[in-house]
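Undergrad: Here you go, this is model03.txt (compact mmCIF, C-alpha atoms).
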# COMPACT_ATOMS: atom_id res chain seq x y z
CA MET A 1 21.99 -18.97 -8.96
CA LYS A 2 20.34 -19.58 -5.59
CA LYS A 3 16.89 -18.19 -4.88
CA LEU A 4 16.54 -15.80 -1.95
CA LEU A 5 13.20 -14.75 -0.47
CA LEU A 6 13.12 -11.65 1.73
CA ILE A 7 10.11 -11.49 4.06
CA ALA A 8 8.84 -8.29 5.69
CA PRO A 9 5.48 -7.11 7.08
CA SER A 10 5.35 -4.26 4.55
CA LEU A 11 7.54 -1.83 2.65
CA HIS A 12 6.09 1.26 4.24
CA GLN A 13 8.43 3.72 5.96
CA GLY A 14 10.59 2.12 8.63
CA GLY A 15 14.06 0.85 9.38
CA LEU A 16 13.59 -2.86 8.72
CA GLU A 17 11.51 -2.14 5.62
CA LYS A 18 14.23 0.09 4.25
CA VAL A 19 16.93 -2.52 4.89
CA CYS A 20 14.76 -5.20 3.25
CA ALA A 21 14.41 -3.13 0.08
CA ALA A 22 18.11 -2.22 0.07
CA THR A 23 19.08 -5.88 0.57
CA ALA A 24 16.97 -6.90 -2.40
CA ARG A 25 18.65 -4.37 -4.68
CA LEU A 26 22.18 -5.10 -3.46
CA LEU A 27 21.91 -8.88 -3.81
CA GLN A 28 20.34 -8.98 -7.27
CA PRO A 29 23.72 -9.63 -8.96
CA TYR A 30 24.33 -12.59 -6.66
CA PHE A 31 20.90 -14.15 -6.21
CA ASP A 32 17.55 -14.61 -7.80
CA VAL A 33 15.89 -12.25 -5.29
CA ARG A 34 12.22 -11.78 -4.53
CA ILE A 35 10.24 -10.22 -1.68
CA ALA A 36 7.16 -11.40 0.23
CA ILE A 37 5.14 -8.87 2.22
CA PHE A 38 1.91 -9.10 4.19
CA ASP A 39 0.52 -5.75 3.04
CA SER A 40 1.50 -3.87 -0.13
CA ARG A 41 -0.20 -0.57 0.70
CA ASN A 42 1.89 2.61 0.80
CA ILE A 43 5.17 1.18 -0.46
CA ALA A 44 7.81 3.82 0.25
CA TYR A 45 10.97 2.27 -1.20
CA ASP A 46 12.34 1.62 -4.67
CA ILE A 47 11.78 -2.05 -5.56
CA LYS A 48 11.57 -1.62 -9.31
CA GLY A 49 12.48 -4.82 -11.12
CA ILE A 50 12.18 -7.02 -8.01
CA PRO A 51 9.32 -9.57 -7.93
CA VAL A 52 7.06 -8.88 -4.93
CA ALA A 53 4.42 -11.27 -3.57
CA ASP A 54 1.67 -9.61 -1.53
CA LEU A 55 0.20 -12.19 0.85
CA ARG A 56 -2.70 -9.81 1.57
CA LEU A 57 -2.68 -10.55 5.28
CA PRO A 58 -2.21 -7.21 7.08
CA SER A 59 -2.01 -6.98 10.86
CA ARG A 60 -5.09 -7.73 12.95
CA PRO A 61 -5.83 -6.25 16.39
CA SER A 62 -7.03 -9.21 18.48
CA LYS A 63 -4.81 -11.95 19.91
CA VAL A 64 -6.85 -14.61 18.15
CA GLY A 65 -6.56 -12.68 14.89
CA LYS A 66 -2.80 -12.44 15.29
CA VAL A 67 -2.49 -16.20 15.84
CA PHE A 68 -4.60 -16.97 12.76
CA ASN A 69 -2.55 -14.45 10.79
CA VAL A 70 0.71 -16.22 11.67
CA ILE A 71 -0.72 -19.56 10.53
CA LYS A 72 -2.19 -18.15 7.30
CA ARG A 73 0.99 -16.25 6.48
CA GLY A 74 3.08 -19.34 7.12
CA LEU A 75 0.90 -21.48 4.86
CA LYS A 76 0.98 -18.93 2.05
CA LEU A 77 4.75 -18.65 2.38
CA LYS A 78 5.03 -22.44 2.26
CA VAL A 79 3.16 -22.53 -1.06
CA LEU A 80 5.21 -19.64 -2.43
CA MET A 81 8.55 -21.13 -1.40
CA LYS A 82 7.68 -24.52 -2.88
CA LYS A 83 6.51 -22.96 -6.14
CA GLU A 84 9.58 -20.73 -6.49
CA HIS A 85 12.06 -23.34 -5.18
CA ILE A 86 13.42 -20.93 -2.57
CA ASP A 87 16.83 -21.81 -1.13
CA ILE A 88 17.06 -19.16 1.62
CA ALA A 89 14.22 -17.33 3.39
CA TYR A 90 15.43 -14.24 5.26
CA SER A 91 12.79 -12.56 7.45
CA PHE A 92 12.93 -9.09 9.01
CA GLY A 93 11.47 -8.62 12.49
CA PRO A 94 9.29 -10.77 14.81
CA THR A 95 6.06 -11.00 12.77
CA ALA A 96 7.95 -12.02 9.64
CA ASN A 97 10.10 -14.42 11.67
CA PHE A 98 7.03 -16.25 13.02
CA ALA A 99 5.62 -16.67 9.53
CA ASN A 100 9.00 -17.88 8.29
CA ILE A 101 9.12 -20.52 11.04
CA VAL A 102 5.55 -21.71 10.42
CA SER A 103 6.20 -22.06 6.67
CA GLY A 104 8.39 -25.10 7.28
CA GLY A 105 9.96 -26.58 4.13
CA ASN A 106 13.57 -27.13 3.20
CA ALA A 107 14.66 -23.53 2.66
CA GLU A 108 17.40 -22.28 4.95
CA LYS A 109 15.82 -19.91 7.50
CA TRP A 110 17.46 -16.65 8.47
CA LEU A 111 15.58 -14.80 11.22
CA GLY A 112 16.37 -11.12 11.74
CA ILE A 113 16.38 -9.31 15.09
CA ARG A 114 16.04 -5.63 14.22
CA SER A 115 15.59 -3.85 17.57
CA TYR A 116 16.63 -4.23 21.17
CA MET A 117 12.94 -4.08 22.04
CA ASP A 118 12.65 -7.58 20.56
CA MET A 119 15.03 -8.84 23.25
CA GLY A 120 12.41 -8.25 25.95
CA ASN A 121 10.56 -11.46 25.02
CA SER A 122 12.83 -14.31 26.08
CA LYS A 123 10.43 -17.06 24.92
CA GLN A 124 10.35 -15.49 21.47
CA ILE A 125 14.14 -15.25 21.25
CA ARG A 126 14.54 -18.87 22.38
CA LEU A 127 12.12 -19.96 19.65
CA PHE A 128 14.04 -18.00 17.04
CA CYS A 129 17.33 -19.51 18.18
CA ARG A 130 15.89 -23.02 18.08
CA CYS A 131 14.24 -22.73 14.66
CA ALA A 132 16.72 -20.61 12.73
CA ASP A 133 19.67 -21.63 10.63
CA ARG A 134 20.97 -18.10 11.17
CA VAL A 135 19.92 -15.42 13.65
CA ILE A 136 20.79 -12.12 11.97
CA CYS A 137 21.40 -9.31 14.49
CA CYS A 138 21.68 -5.70 13.37
CA SER A 139 24.14 -4.73 16.13
CA ASP A 140 27.08 -6.31 17.97
CA GLU A 141 25.42 -5.81 21.37
CA ILE A 142 22.27 -7.70 20.34
CA CYS A 143 24.43 -10.46 18.86
CA ARG A 144 26.51 -10.75 22.04
CA GLU A 145 23.38 -11.03 24.18
CA VAL A 146 21.81 -13.68 21.93
CA ARG A 147 25.03 -15.70 21.96
CA ASP A 148 25.73 -15.37 25.70
CA LYS A 149 22.26 -15.39 27.24
CA TYR A 150 20.70 -17.94 24.91
CA ARG A 151 23.87 -19.87 24.03
CA CYS A 152 23.06 -19.47 20.37
CA ASP A 153 26.10 -19.90 18.14
CA LYS A 154 23.89 -19.28 15.10
CA ALA A 155 23.81 -15.53 15.86
CA VAL A 156 25.82 -13.19 13.62
CA THR A 157 26.04 -9.41 13.31
CA LEU A 158 25.02 -7.82 10.03
CA ASN A 159 25.08 -4.03 10.22
CA ASN A 160 22.77 -2.18 7.88
CA PRO A 161 24.13 -1.08 4.48
CA PHE A 162 24.44 2.53 3.35
CA ASP A 163 25.17 3.83 -0.12
CA MET A 164 26.73 7.24 0.46
CA LYS A 165 26.90 8.00 -3.25
CA GLU A 166 23.20 7.28 -3.67
CA VAL A 167 22.34 9.42 -0.65
CA ARG A 168 24.23 12.35 -2.12
CA VAL A 169 22.61 11.92 -5.52
CA LEU A 170 19.15 11.80 -3.92
CA SER A 171 19.95 14.89 -1.84
CA GLU A 172 20.22 16.85 -5.09
CA LYS A 173 16.84 15.66 -6.39
CA GLY A 174 14.17 18.13 -5.42
CA GLU A 175 14.19 20.98 -2.95
CA ALA A 176 13.41 20.97 0.74
CA GLU A 177 10.32 23.09 1.30
CA LEU A 178 10.95 24.80 4.63
CA PRO A 179 8.95 27.41 6.52
CA TRP A 180 12.12 29.43 7.18
CA SER A 181 14.63 31.07 4.86
CA GLU A 182 17.51 31.23 7.34
CA GLY A 183 18.79 29.90 10.64
CA ARG A 184 20.73 26.90 11.95
CA ILE A 185 18.65 23.73 11.73
CA ILE A 186 18.72 20.86 14.18
CA ILE A 187 17.31 17.67 12.66
CA SER A 188 15.93 14.40 13.94
CA MET A 189 14.26 11.70 11.89
CA GLY A 190 11.82 8.93 12.78
CA ARG A 191 8.18 7.97 12.87
CA GLU A 192 5.93 9.26 15.64
CA ASP A 193 6.67 6.68 18.33
CA VAL A 194 7.21 6.89 22.07
CA VAL A 195 10.59 5.13 21.78
CA LYS A 196 11.98 8.10 19.83
CA GLY A 197 11.73 10.39 22.87
CA PHE A 198 10.83 13.46 20.80
CA TRP A 199 9.26 15.25 23.80
CA HIS A 200 12.78 15.38 25.30
CA LEU A 201 14.10 16.91 22.10
CA LEU A 202 11.40 19.59 22.01
CA LYS A 203 11.98 20.61 25.62
CA SER A 204 15.75 20.71 25.18
CA PHE A 205 15.37 22.70 21.97
CA SER A 206 13.21 25.28 23.76
CA LEU A 207 16.22 26.07 25.99
CA VAL A 208 18.60 26.13 23.03
CA HIS A 209 16.27 28.46 21.10
CA GLU A 210 16.06 30.78 24.08
CA LYS A 211 19.85 31.07 24.10
CA LEU A 212 20.36 30.94 20.31
CA PRO A 213 17.25 32.50 18.72
CA ASP A 214 18.33 31.72 15.15
CA THR A 215 18.09 27.94 15.73
CA LYS A 216 15.29 25.83 14.25
CA LEU A 217 14.17 22.23 14.78
CA MET A 218 12.97 19.89 12.03
CA ILE A 219 11.57 16.40 12.69
CA ILE A 220 11.24 14.22 9.59
CA GLY A 221 8.94 11.22 9.76
CA GLN A 222 5.48 9.73 9.54
CA GLY A 223 2.76 10.76 11.97
CA ASP A 224 0.46 13.64 12.77
CA PHE A 225 2.57 14.66 15.80
CA ASN A 226 -0.42 16.47 17.29
CA ALA A 227 0.71 16.02 20.90
CA TYR A 228 4.14 17.33 19.96
CA ARG A 229 2.64 20.31 18.15
CA GLU A 230 0.72 21.14 21.31
CA LEU A 231 3.91 20.80 23.35
CA SER A 232 5.74 23.13 20.94
CA LEU A 233 2.96 25.66 21.37
CA GLY A 234 3.14 25.37 25.15
CA LEU A 235 6.90 25.84 25.05
CA GLY A 236 6.55 28.92 22.84
CA ILE A 237 8.64 27.47 20.00
CA ASP A 238 5.93 26.51 17.50
CA ASP A 239 7.21 28.99 14.90
CA ALA A 240 10.70 27.43 15.12
CA VAL A 241 9.65 23.77 14.85
CA TYR A 242 8.68 21.98 11.63
CA PHE A 243 7.18 18.49 11.37
CA THR A 244 7.68 17.50 7.74
CA GLY A 245 5.62 14.30 7.72
CA LEU A 246 6.61 11.29 5.64
CA LYS A 247 9.17 12.06 2.93
CA LYS A 248 10.04 9.33 0.43
CA ASN A 249 13.21 11.29 -0.27
CA PRO A 250 14.27 12.92 3.01
CA TYR A 251 17.80 13.72 1.86
CA PRO A 252 17.21 17.25 0.51
CA TYR A 253 15.90 18.01 4.02
CA LEU A 254 18.89 16.39 5.73
CA LYS A 255 21.12 18.43 3.45
CA ARG A 256 19.70 21.63 4.95
CA GLY A 257 20.60 20.55 8.49
CA ASP A 258 23.48 21.68 10.69
CA LEU A 259 23.23 19.09 13.47
CA TYR A 260 21.51 15.73 13.98
CA VAL A 261 20.13 14.77 17.40
CA LEU A 262 18.83 11.32 18.41
CA THR A 263 16.81 11.02 21.63
CA SER A 264 15.61 7.39 21.35
CA TYR A 265 15.71 5.18 24.42
CA TYR A 266 15.57 2.03 22.27
CA GLU A 267 17.21 1.41 18.91
CA GLY A 268 18.51 -1.54 16.94
CA PHE A 269 20.82 0.06 14.42
CA PRO A 270 19.70 3.66 13.77
CA ASN A 271 19.60 3.99 9.98
CA ALA A 272 18.57 7.64 10.00
CA MET A 273 21.51 8.63 12.18
CA VAL A 274 24.06 7.01 9.85
CA GLU A 275 22.32 8.61 6.84
CA ALA A 276 22.67 11.99 8.54
CA MET A 277 26.35 11.25 9.19
CA SER A 278 26.83 10.37 5.52
CA MET A 279 25.55 13.89 4.75
CA GLY A 280 28.22 15.34 7.05
CA LEU A 281 25.97 16.26 9.99
CA PRO A 282 27.61 16.18 13.43
CA VAL A 283 25.68 13.93 15.82
CA ILE A 284 24.53 14.05 19.43
CA ALA A 285 22.80 10.83 20.51
CA THR A 286 21.49 9.10 23.60
CA ASP A 287 23.52 6.14 24.78
CA CYS A 288 20.46 3.90 24.44
CA MET A 289 20.35 0.12 24.59
CA THR A 290 22.07 -0.57 21.26
CA GLY A 291 23.24 1.28 18.20
CA PRO A 292 24.59 4.78 18.95
CA ARG A 293 27.50 3.70 21.18
CA GLU A 294 28.51 1.04 18.68
CA ILE A 295 28.49 3.57 15.84
CA LEU A 296 29.83 6.67 17.58
CA GLU A 297 32.26 4.93 19.95
CA ASP A 298 32.24 8.19 21.95
CA ARG A 299 34.56 9.75 19.37
CA TYR A 300 32.67 9.95 16.06
CA GLY A 301 29.90 11.92 17.77
CA ILE A 302 28.71 12.98 21.20
CA LEU A 303 26.96 10.46 23.46
CA ILE A 304 24.72 11.60 26.30
CA PRO A 305 23.16 9.37 29.00
CA ASN A 306 19.98 7.55 28.01
CA MET A 307 16.83 9.48 28.88
CA SER A 308 13.59 8.61 30.66
CA PRO A 309 11.10 6.45 28.71
CA ASP A 310 8.15 8.08 30.49
CA GLU A 311 6.23 10.43 28.21
CA ASP A 312 5.85 13.93 29.64
CA PHE A 313 4.06 16.58 27.59
CA ASN A 314 3.93 19.14 30.40
CA PRO A 315 5.80 22.20 29.05
CA GLN A 316 6.40 23.42 32.60
CA ASN A 317 8.38 20.31 33.51
CA ILE A 318 11.88 20.40 32.04
CA THR A 319 14.18 17.81 33.60
CA GLU A 320 17.89 17.95 34.30
CA GLU A 321 18.56 15.40 31.55
CA GLU A 322 16.79 17.70 29.07
CA ARG A 323 18.82 20.66 30.34
CA ASN A 324 21.97 18.60 29.88
CA LEU A 325 21.05 17.84 26.25
CA ALA A 326 20.34 21.54 25.66
CA ARG A 327 23.80 22.44 26.99
CA GLU A 328 25.46 19.89 24.70
CA ILE A 329 23.58 21.19 21.66
CA ALA A 330 24.29 24.86 22.40
CA ASP A 331 27.96 24.25 23.22
CA LEU A 332 28.48 22.37 19.97
CA LEU A 333 26.64 24.92 17.81
CA GLU A 334 28.69 27.75 19.30
CA ASP A 335 32.04 26.06 18.66
CA ARG A 336 32.83 26.18 14.93
CA SER A 337 36.01 24.10 15.17
CA LYS A 338 34.21 21.41 17.16
CA MET A 339 31.35 21.38 14.64
CA GLU A 340 33.84 20.91 11.79
CA HIS A 341 35.66 18.16 13.72
CA TYR A 342 32.46 16.17 14.22
CA ARG A 343 31.36 16.84 10.65
CA GLN A 344 34.54 15.15 9.43
CA MET A 345 34.19 12.34 11.96
CA SER A 346 30.62 11.69 10.79
CA LEU A 347 31.74 11.35 7.19
CA LYS A 348 34.61 9.08 8.18
CA ARG A 349 32.45 6.76 10.26
CA ALA A 350 29.59 6.57 7.75
CA GLY A 351 32.12 5.27 5.25
CA ASP A 352 32.53 2.12 7.36
CA TYR A 353 28.97 0.99 6.60
CA THR A 354 29.21 0.54 2.87
CA ALA A 355 27.06 -1.60 0.63
CA GLU A 356 30.21 -3.49 -0.36
CA SER A 357 30.98 -4.53 3.22
CA TYR A 358 27.36 -5.63 3.67
CA ILE A 359 27.48 -7.84 0.58
CA GLU A 360 30.87 -9.24 1.63
CA LYS A 361 29.54 -10.14 5.08
CA ILE A 362 26.52 -11.95 3.62
CA CYS A 363 28.75 -13.84 1.21
CA GLY A 364 30.88 -14.86 4.17
CA MET A 365 27.82 -16.40 5.79
CA GLY A 366 27.55 -18.98 3.04
CA MET A 367 26.17 -17.19 -0.01
CA PRO A 368 27.80 -17.91 -3.37
So that I can check it, write out the structure of this file as structure tokens.
TA:
Amino acid sequence: MKKLLLIAPSLHQGGLEKVCAATARLLQPYFDVRIAIFDSRNIAYDIKGIPVADLRLPSRPSKVGKVFNVIKRGLKLKVLMKKEHIDIAYSFGPTANFANIVSGGNAEKWLGIRSYMDMGNSKQIRLFCRCADRVICCSDEICREVRDKYRCDKAVTLNNPFDMKEVRVLSEKGEAELPWSEGRIIISMGREDVVKGFWHLLKSFSLVHEKLPDTKLMIIGQGDFNAYRELSLGLGIDDAVYFTGLKKNPYPYLKRGDLYVLTSYYEGFPNAMVEAMSMGLPVIATDCMTGPREILEDRYGILIPNMSPDEDFNPQNITEEERNLAREIADLLEDRSKMEHYRQMSLKRAGDYTAESYIEKICGMGMP
């Protein structure tokens, strides 16, 4: 059995971290799997039974510190890979990719591109293409760009895996503690990050709530969201908006939702959106750089034009793009047959991203 090392910065909440943990569990029957991380604090995912090496080299703020970190991480990985006789080293995201490259050795190197934001650094992508045995892209669009722009025939698409049965089981474990006992709930999920565009969502929701007073908004994810709380207060919707914070099991909360809305202006492959679809939530999403269009295909959910990346927390300034999103949300919520149609389409499409297809694709890339 070949030995596979998965490398990630951490296993705290996040898309690439979640996929790393899921990959480890899924490939255990096929490989001797282990994980290397740079910081083991606040592990959010189930890695029981999987050997984990903590390199104890968390991120550092200065440029010099970052350079030294890459070298130290690479050297520690080199020792680990030699000791464990690693055959394949698969890294998730730029910082892990750099360490994987620096580690050298004879292990086959798979470098993962997890977000379209990574594509903004052409020197970095060229380095990855030159040093990798495989460039693993989480979406078809990223893969096409790597292949065409950088003439890299090592690039392959590997969409993220989803276990719909597990999601449903987890949705029954525990109760969602909500501040309301009734109402239709719009949900979005993601850490507090400018790329998620949550200020757009809050402003659009304020218009929806004005028209449909029973509607609520719940945002699930890590962060204090203080600026967004202030915006909610300024918009007069603070009693209808709930920021749940980090939830290791968000599925009981997703289960309580009626509609999922994504307002990101950058994504790689939006895990949370597909998880919501697997729970039968209809979806409205921005047609951002990669991900939503590929998944929704303008028929499994509703795509709206990408929105401005410029943060605006002025409650008096509601743009036409935010008004457009509000109209789409209200129109969908008021049309029961349309809601049921997109509920069924969500379930159908989520079924295309199974754990089995993920394993089969990896096996097709040369695994035993």
Undergrad: Just checking: using only C-alpha atoms, which residue out of A:Ala355, A:Leu325, A:Cys152, A:Val241 ends up closest to Arg184 in chain A?
TA: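 Among A:Ala355, A:Leu325, A:Cys152, A:Val241, it is A:Val241 that comes nearest to Arg184 in chain A.
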Undergrad: Between A:Lys173, A:Arg114, A:His12, A:His200, which residue has the minimum interatomic distance to Leu158 in chain A, considering all atoms listed in the file?
TA: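 Closest to Leu158 in chain A, using all atoms listed in the file: A:Arg114.
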Undergrad: Give me, please, the distance in Å between CA of Ile318 in chain A and CA of Ser204 in chain A, quoted to one decimal.
TA: 7.9 Å
Undergrad: With only C-alpha atoms as the atoms that count, which of A:Ala227, A:Ile359, A:Val156, A:Cys137 lies nearest to Asn314 in chain A?
TA: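 So, comparing all the options, the nearest one is A:Ala227.
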Undergrad: Pull the closest atom pair for each residue of range 305-352 of chain A that gets at most 6 Å from range 276-298 of chain A, along with the distance in Å to one decimal, counting only C-alpha atoms, ordering rows by chain and then ascending residue number, as a Markdown table.
TA:
| residue | atom | partner | partner_atom | distance |
| --- | --- | --- | --- | --- |
| A:Pro305 | CA | A:Asp287 | CA | 5.3 |
| A:Asn306 | CA | A:Thr286 | CA | 4.9 |
| A:Tyr342 | CA | A:Pro282 | CA | 4.9 |
| A:Arg343 | CA | A:Pro282 | CA | 4.7 |
| A:Ser346 | CA | A:Met277 | CA | 4.6 |
| A:Leu347 | CA | A:Ser278 | CA | 5.3 |
| A:Ala350 | CA | A:Ser278 | CA | 5.2 |
Undergrad: Write out as a list of chain:residue names which residues come within 12 Å of Leu127 in chain A when counting all atoms listed in the file, dropping same-chain ones fewer than 6 positions away.
TA: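 Here the qualifying residues turn out to be A:Pro94, A:Asn97, A:Phe98, A:Asn100, A:Ile101, A:Val102, A:Leu111, A:Asn121, A:Asp133, A:Val135, A:Val146, A:Tyr150, A:Cys152.
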Undergrad: Do you have the CA of Cys131 in chain A-CA of Thr157 in chain A distance handy?
TA: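 Those two atoms sit 17.8 Å apart.
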Undergrad: Counting only C-alpha atoms, figure out which residue out of A:Met189, A:Leu254, A:Ile43, A:Met307 gets nearest to Glu177 in chain A.
TA: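 The shortest atom-to-atom distance to Glu177 in chain A comes from A:Leu254.
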Undergrad: Identify the residues around (5.8, -15.3, 13.8) within a radius of 12 Å, measuring from all atoms listed in the file in the coordinates stated by the file, and give them as JSON, numbers by chain.
TA: {"A": [7, 8, 9, 59, 66, 67, 68, 69, 70, 71, 72, 73, 74, 75, 77, 91, 92, 93, 94, 95, 96, 97, 98, 99, 100, 101, 102, 103, 111, 112, 124, 125, 127, 128, 131]}
Undergrad: What is the distance between CA of Leu259 in chain A and CA of Gly197 in chain A, in Å to one decimal?
TA: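 Between CA of Leu259 in chain A and CA of Gly197 in chain A the gap works out to 17.2 Å.
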Undergrad: Rank nothing, just name the residue among A:Tyr253, A:Asp335, A:Glu267, A:Ser62 nearest to Met117 in chain A, using all atoms listed in the file.
TA: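 The closest residue to Met117 in chain A is A:Glu267.
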Undergrad: Can you tell me, as an mmCIF file with C-alpha atoms, in the frame of the given file, which residues sit within 12 Å of (4.2, 13.4, 29.9) in the file's frame, using all atoms listed in the file?
TA:
data_model
loop_
_atom_site.group_PDB
_atom_site.id
_atom_site.type_symbol
_atom_site.label_atom_id
_atom_site.label_comp_id
_atom_site.auth_asym_id
_atom_site.auth_seq_id
_atom_site.Cartn_x
_atom_site.Cartn_y
_atom_site.Cartn_z
ATOM 1 C CA VAL A 194 7.210 6.890 22.070
ATOM 2 C CA GLY A 197 11.730 10.390 22.870
ATOM 3 C CA PHE A 198 10.830 13.460 20.800
ATOM 4 C CA TRP A 199 9.260 15.250 23.800
ATOM 5 C CA HIS A 200 12.780 15.380 25.300
ATOM 6 C CA LYS A 203 11.980 20.610 25.620
ATOM 7 C CA ALA A 227 0.710 16.020 20.900
ATOM 8 C CA TYR A 228 4.140 17.330 19.960
ATOM 9 C CA LEU A 231 3.910 20.800 23.350
ATOM 10 C CA SER A 308 13.590 8.610 30.660
ATOM 11 C CA PRO A 309 11.100 6.450 28.710
ATOM 12 C CA ASP A 310 8.150 8.080 30.490
ATOM 13 C CA GLU A 311 6.230 10.430 28.210
ATOM 14 C CA ASP A 312 5.850 13.930 29.640
ATOM 15 C CA PHE A 313 4.060 16.580 27.590
ATOM 16 C CA ASN A 314 3.930 19.140 30.400
ATOM 17 C CA PRO A 315 5.800 22.200 29.050
ATOM 18 C CA GLN A 316 6.400 23.420 32.600
ATOM 19 C CA ASN A 317 8.380 20.310 33.510
ATOM 20 C CA ILE A 318 11.880 20.400 32.040
ATOM 21 C CA THR A 319 14.180 17.810 33.600
#
Undergrad: Using all atoms listed in the file, find the one residue out of A:Arg299, A:Arg151, A:Lys78, A:Lys3 that sits nearest to Pro51 in chain A.
TA: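 Once distances to Pro51 in chain A are computed over all atoms listed in the file, the minimum belongs to A:Lys3.
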Undergrad: Go ahead and fit an axis-aligned box to every listed atom of range 23-34 of chain A plus 4 Å each side, and pass me the centre and edge lengths in Å, one decimal, as lines of an AutoDock Vina configuration file.
TA:
center_x = 18.3
center_y = -9.5
center_z = -4.2
size_x = 20.1
size_y = 18.2
size_z = 17.5
Undergrad: Compile the contact shell of Val169 in chain A as JSON, numbers by chain: residues with an atom at most 12 Å away, counting only C-alpha atoms, same-chain residues fewer than 6 positions apart removed.
TA: {"A": [163, 249, 250, 251, 252, 255, 278, 279]}
